[in-house]
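*Asks:* Below is the structure I would like to discuss, written out as structure tokens.
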Amino acid sequence: DLRRPCAVKRADFENAQREYRSLILTVLKDYPRVKVLDAADQLCDGQYCYALKDGAILYHGRDHLSLGGSMLVSKEIATLIDR
């Protein structure tokens, strides 16, 4: 059976990522010109982080984006580069 929604709670995701994100933000303070894209903005909403969104499978394995996930995030990368 497919879990509905096919997702994890956003709070669980944020808790699992807290130490990593804190470290990244600390390092970025020394590099103010570095542009940052938080892929969670495309993969999550306020409640869930999705593995399946709009019919697209977003992950290949536990932590790697699938083609569908990569396509979703790459649109935002292109926008960031254009700025």
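Following the order of the structure tokens, chains are lettered A, B, ..., residues in each are numbered from 1, and ligands are numbered from 1.
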Skip Val8 (chain A) itself and residues of its chain fewer than 2 positions away, then list as a list of chain:residue names all residues within 12 Å of it, counting only C-alpha atoms.
*Replies:* A:Arg3, A:Arg4, A:Pro5, A:Cys6, A:Arg10, A:Ala11, A:Asp12, A:Phe13, A:Glu14, A:Asn15, A:Ala16, A:Leu43, A:Cys44, A:Asp45, A:Gly46, A:Gln47, A:Tyr48, A:Cys49, A:Tyr50, A:Ala51, A:Leu52, A:Arg62
*Asks:* Taking the chain letters and numbering used in this document, name the residues of chain A that DSSP puts in alpha helix (DSSP H), as number ranges by chain.
*Replies:* A: 10-28, 40-43, 67-82
*Asks:* Can you check which parts of region 28-54 of chain A lie within 9 Å of region 74-81 of chain A? Per residue, the shortest pair of atoms and distance in Å to one decimal, counting only C-alpha atoms, sorted by chain and number, as CSV.
*Replies:*
```
residue,atom,partner,partner_atom,distance
A:Lys35,CA,A:Leu80,CA,7.5
A:Val36,CA,A:Leu80,CA,8.3
A:Leu37,CA,A:Ile77,CA,6.9
A:Ala39,CA,A:Glu76,CA,8.5
A:Gln42,CA,A:Glu76,CA,8.1
```
*Asks:* Mind writing the picked residues with all heavy atoms as a PDB file, in the first residue's frame?
*Replies:*
```pdb
ATOM      1  N   LYS A  35      24.791  32.414  -3.424  1.00  0.00           N
ATOM      2  CA  LYS A  35      23.343  32.254  -3.548  1.00  0.00           C
ATOM      3  C   LYS A  35      22.970  30.861  -3.053  1.00  0.00           C
ATOM      4  O   LYS A  35      23.662  29.891  -3.338  1.00  0.00           O
ATOM      5  CB  LYS A  35      22.904  32.417  -5.000  1.00  0.00           C
ATOM      6  CG  LYS A  35      23.132  33.804  -5.536  1.00  0.00           C
ATOM      7  CD  LYS A  35      22.691  33.902  -6.977  1.00  0.00           C
ATOM      8  CE  LYS A  35      22.953  35.275  -7.528  1.00  0.00           C
ATOM      9  NZ  LYS A  35      22.506  35.403  -8.922  1.00  0.00           N
ATOM     10  N   VAL A  36      21.875  30.786  -2.338  1.00  0.00           N
ATOM     11  CA  VAL A  36      21.452  29.521  -1.738  1.00  0.00           C
ATOM     12  C   VAL A  36      20.045  29.188  -2.203  1.00  0.00           C
ATOM     13  O   VAL A  36      19.155  30.045  -2.212  1.00  0.00           O
ATOM     14  CB  VAL A  36      21.484  29.614  -0.199  1.00  0.00           C
ATOM     15  CG1 VAL A  36      20.965  28.328   0.423  1.00  0.00           C
ATOM     16  CG2 VAL A  36      22.888  29.920   0.285  1.00  0.00           C
ATOM     17  N   LEU A  37      19.877  27.945  -2.580  1.00  0.00           N
ATOM     18  CA  LEU A  37      18.560  27.431  -2.921  1.00  0.00           C
ATOM     19  C   LEU A  37      18.223  26.339  -1.913  1.00  0.00           C
ATOM     20  O   LEU A  37      18.980  25.380  -1.774  1.00  0.00           O
ATOM     21  CB  LEU A  37      18.540  26.838  -4.329  1.00  0.00           C
ATOM     22  CG  LEU A  37      17.242  26.117  -4.678  1.00  0.00           C
ATOM     23  CD1 LEU A  37      16.176  27.126  -5.027  1.00  0.00           C
ATOM     24  CD2 LEU A  37      17.452  25.145  -5.797  1.00  0.00           C
ATOM     25  N   ALA A  39      16.110  23.415  -1.421  1.00  0.00           N
ATOM     26  CA  ALA A  39      15.249  22.526  -2.199  1.00  0.00           C
ATOM     27  C   ALA A  39      13.972  22.157  -1.453  1.00  0.00           C
ATOM     28  O   ALA A  39      12.960  21.820  -2.075  1.00  0.00           O
ATOM     29  CB  ALA A  39      16.013  21.261  -2.587  1.00  0.00           C
ATOM     30  N   GLN A  42      10.727  23.585  -2.665  1.00  0.00           N
ATOM     31  CA  GLN A  42      10.027  22.965  -3.780  1.00  0.00           C
ATOM     32  C   GLN A  42       9.453  21.599  -3.418  1.00  0.00           C
ATOM     33  O   GLN A  42       8.483  21.156  -4.013  1.00  0.00           O
ATOM     34  CB  GLN A  42      10.966  22.792  -4.978  1.00  0.00           C
ATOM     35  CG  GLN A  42      11.263  24.059  -5.736  1.00  0.00           C
ATOM     36  CD  GLN A  42      12.125  25.006  -4.940  1.00  0.00           C
ATOM     37  OE1 GLN A  42      13.154  24.605  -4.426  1.00  0.00           O
ATOM     38  NE2 GLN A  42      11.711  26.245  -4.825  1.00  0.00           N
TER      39      GLN A  42
END
```
*Asks:* Write out as a PyMOL selection string each polymer residue whose atoms come within 10 Å of Tyr59 (chain A), counting only C-alpha atoms; drop sequence neighbours fewer than 4 positions from it.
*Replies:* chain A and resi 50-52+63-70
*Asks:* Under the rule that only C-alpha atoms are counted, which of A:Ala7, A:Ala40, A:Leu28, A:Leu23 is the nearest residue to Lys53 (chain A)?
*Replies:*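 Using only C-alpha atoms, Lys53 (chain A) sits closest to A:Ala7.
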*Asks:* Going by DSSP on the backbone, which residues of chain A come out as strand (DSSP E)? List them as a list in words.
*Replies:* Ala7, Val8, Lys9, Tyr48, Cys49, Tyr50, Leu52, Lys53, Ala56, Ile57, Tyr59, His60, His64 and Leu65 of chain A
*Asks:* When you count only C-alpha atoms, which of these residues is closest to Ala56 (chain A): A:Leu72, A:Val34, A:Gln17, A:Asp41?
*Replies:* A:Leu72
